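Take a look at the structure set out below.
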There are 2 protein chains.
Amino acid sequence: MRENRQTTEISQVGEFGLIEHLTSDIKPEHPTTLLGIGDDAAIIEAGEQSMVITTDMLIEGIHFDLSYTPLKHLGYKAVAVNLSDVYAMNANATQITVSIGISSRFAVEDIHDLYSGIKHACKVYKVDLVGGDTVASQSGLVISITALGRQSLKKIVKRSGAKENDLICVSGDLGSAYWGLKLLMREKEATRNAPELKPKFEGYEYLLERQLKPEPRKDIVRKLSEAGILPTAMIDISDGLSSEILHICKNSNKGCRIYDEKIPIHPQSTKLSNEFQIDPVVAALNGGEDYELLFTISPSDYEKVSQIRDISIIGHILPNPQQHEIVFRDGTTIPLMAQGWNAFRIDK
Amino acid sequence: MRENRQTTEISQVGEFGLIEHLTSDIKPEHPTTLLGIGDDAAIIEAGEQSMVITTDMLIEGIHFDLSYTPLKHLGYKAVAVNLSDVYAMNANATQITVSIGISSRFAVEDIHDLYSGIKHACKVYKVDLVGGDTVASQSGLVISITALGRQSLKKIVKRSGAKENDLICVSGDLGSAYWGLKLLMREKEATRNAPELKPKFEGYEYLLERQLKPEPRKDIVRKLSEAGILPTAMIDISDGLSSEILHICKNSNKGCRIYDEKIPIHPQSTKLSNEFQIDPVVAALNGGEDYELLFTISPSDYEKVSQIRDISIIGHILPNPQQHEIVFRDGTTIPLMAQGWNAFRIDK
């Protein structure tokens, strides 16, 4: 691939840099394209209810390790992560397509397991599997899913609507999926040369569940709607809180201030973080795959949002688009940096 | 993957068998799903103009060989094959999403080349690239594209509407992409150990073009519309004529008779087939990747369709769903069999 010209390693520019490089000159031109690249999903004209569309690809050895991921869970998760992007637009997920690439290492029964997880997620979230492609692969397993959702255009929530003084909210807890992954990797290592040992998962079941079988927050979309709250901006947390909050700030041309003590962390995460001697807030800021919703609301919705279980207010939006900060318990304030989850980085 | 249970090799059931096995129990339930799995594309409610959605995955070493496929052509083709499925629904392609998995073997410039082909196809066919995913891959290149299209529901053409006595029509010529591939593979082999030799492509440029840069038949959809012809059934020819015609027959619960002398074959295909001593009709029936349109029309549209350049009438629909036959010049009639293009078969 690299004959007589100067080339740039992909790791030099990173995933976001590469996407920016490839897509910066793309301008939607079709009249039915209401929003193109740059949010959790694109928006397409589709009558009374507009359509959102999003896609994700999962590759063996990069996004999952079959030595500790049951295929059924993997199928479920592959659907879940796509639906999460639909919910992050404040839309209702309706259909998915599923393409898989499979090597001869897999038997029909394995693919049946994978599909049973996919179909189970479809049932739980009430979406239809309407198409796909099943092809041979020379190496590992590849799963590519595209999800569609619907919502009236005025209720679709983008990343770009955050206003000064808006409250920054997050659902559930953060960092748990990261800790689940750390635990799985530790126990894989510990039992690698000692098959008589059983992995030690007791007391950390919640973290495993969060890593292996994440649930996208359809319930939060519903609860916000029932409470009469329309977020001003929303994104799902797939790459860690700091990366996602910076996306909202960039797209909204605003800054932010968040408070470390407000960041919701599960007791099991705190406990395991002690074993690893890693600050659980760091994991919450930079760990991936939480699939919680991060959103901003008008301060006037404060009372309403306070009534909803499982939502935490962690900060607020600042007017200065250069100012992104996290305030610690002792009053120290440091700039928020996006480390995020970069699959092209070698250390992940 | 294959511990203590009985397993079935995927090659035993084949691609279509596997898809059937995985999807036979899937029933669309969402009210906006107008048609699910089983046609070139699914149909989704979307206001005045319904939406069609289709997806394809291309994997290095299975669907393409980068030793003779320029990345720019590959990007163009990856879009083209998806749009072909949209046109096969008699719809207008409007948007695509593109997900790619790339290994560190590729440089940013390579991916730029790939994307320049993708963007060029978008420009030629007037579709918007509205989203995607860019991820790392441990081995080869993986491209997964989903295409959306629009058409009023009453003009969307499925595989299932063929009626007795309908004329069977095909656009362009068949087998050329197969011959292009044979030529590329022959010359790759011939020059493998002799870098001083140049591959011999003279006189076969059309076949190479058909393999490396197929054009989906948007023009045929337009011409049929302008002529006031609404096909009764339609499919695109990705797996060879016999496989596709049998899909139409199965979905329409009908039989068919086609005439070998009516099958359109390009002079370059005939010439190269002599070199290989393979019957060009066999290649037209079973070779893949033509991306022409196969469709049936009412006999009353005979005059109209005869006016359109680049469409051949190759046979007609029979009432008996068990009867699929091809009639040869000498009057011999043999049953039509689907060999198609099966990526799980070892000999392809």
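In the structure tokens, chains take letters A, B, ... by order of appearance, with residues numbered from 1 within each chain and ligands from 1 in the order shown.
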- prompt: Contacts of Gln307 in chain B at 12 Å or less, counting only C-alpha atoms, minus same-chain residues fewer than 6 places along, as a list in words?
  reply: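 Counting only the stated atoms, we get Lys223, Leu224, Glu226, Ala227, Gly228, Ile229, Asp301 and Ile313 of chain B.
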message: Quick one: residues within 10 Å of range 242-251 of chain A, only C-alpha atoms, excluding same-chain residues fewer than 5 positions away - as a ChimeraX atom specification?
response: /A:38-39,158-163,168,233-237,256-258,282,284-288,293-296,317-326,336-341
message: Taking only range 28-144 of chain B into account, list the residues labelled strand (DSSP E or B) by DSSP (computed from the backbone), as a VMD selection string.
response: chain B and resid 33 to 35 42 to 44 46 48 50 to 60 64 92 to 102 107 128 to 136 142 to 144
Hey, can you spit out that residue selection with C-alpha atoms as a short mmCIF file (atom, residue, chain, number, x, y, z; two decimals), in the first residue's frame?
data_model
loop_
_atom_site.label_atom_id
_atom_site.label_comp_id
_atom_site.auth_asym_id
_atom_site.auth_seq_id
_atom_site.Cartn_x
_atom_site.Cartn_y
_atom_site.Cartn_z
CA THR B 33 -41.82 -1.87 8.76
CA LEU B 34 -43.64 -2.40 5.47
CA LEU B 35 -41.34 -5.19 4.23
CA ALA B 42 -36.47 -3.56 3.20
CA ILE B 43 -39.29 -1.02 2.93
CA ILE B 44 -39.95 1.46 5.75
CA ALA B 46 -41.54 7.38 5.60
CA GLU B 48 -45.36 10.36 1.02
CA SER B 50 -41.54 5.24 1.41
CA MET B 51 -37.95 4.41 2.22
CA VAL B 52 -35.93 1.40 1.14
CA ILE B 53 -32.83 0.27 3.04
CA THR B 54 -30.16 -2.23 2.06
CA THR B 55 -26.70 -3.14 3.30
CA ASP B 56 -23.62 -4.98 2.02
CA MET B 57 -20.31 -5.93 3.55
CA LEU B 58 -17.10 -6.33 1.55
CA ILE B 59 -14.12 -8.11 3.08
CA GLU B 60 -10.54 -8.14 1.83
CA PHE B 64 -11.66 -8.01 -3.34
CA ASN B 92 -34.14 6.61 -6.07
CA ALA B 93 -30.96 6.29 -3.96
CA THR B 94 -30.63 9.19 -1.51
CA GLN B 95 -28.17 8.51 1.34
CA ILE B 96 -25.49 6.07 2.44
CA THR B 97 -23.56 5.32 5.61
CA VAL B 98 -20.06 3.86 5.35
CA SER B 99 -18.23 1.88 8.01
CA ILE B 100 -14.67 0.76 7.46
CA GLY B 101 -12.31 -1.43 9.44
CA ILE B 102 -8.66 -0.77 8.65
CA ALA B 107 -1.76 4.74 5.69
CA ASP B 128 -25.32 11.94 0.43
CA LEU B 129 -22.80 10.25 2.70
CA VAL B 130 -24.47 10.90 6.06
CA GLY B 131 -22.64 8.78 8.59
CA GLY B 132 -20.41 5.89 9.38
CA ASP B 133 -17.83 4.38 11.63
CA THR B 134 -14.07 4.14 11.22
CA VAL B 135 -12.45 1.46 13.32
CA ALA B 136 -9.23 -0.49 13.61
CA VAL B 142 -13.59 -4.34 5.79
CA ILE B 143 -16.20 -2.05 4.21
CA SER B 144 -19.83 -2.06 5.25
#
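Taking CA of Ile311 in chain A and CA of Val281 in chain A as endpoints, the distance between them is 17.2 Å.
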message: I want to know what sits within 10 Å of Pro70 in chain B, based on only C-alpha atoms, with residues of the same chain fewer than 2 positions away left out; could you give that as a list in words?
response: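 The neighbour list is Met1 of chain A; Asp65, Leu66, Ser67, Tyr68, Lys72, His73, Leu74, Gly75, Asp110, Asp113, Leu114, Gly117 and Leu212 of chain B.
The coordinates place CA of Gly149 in chain B at 17.8 Å from CA of Glu292 in chain B.
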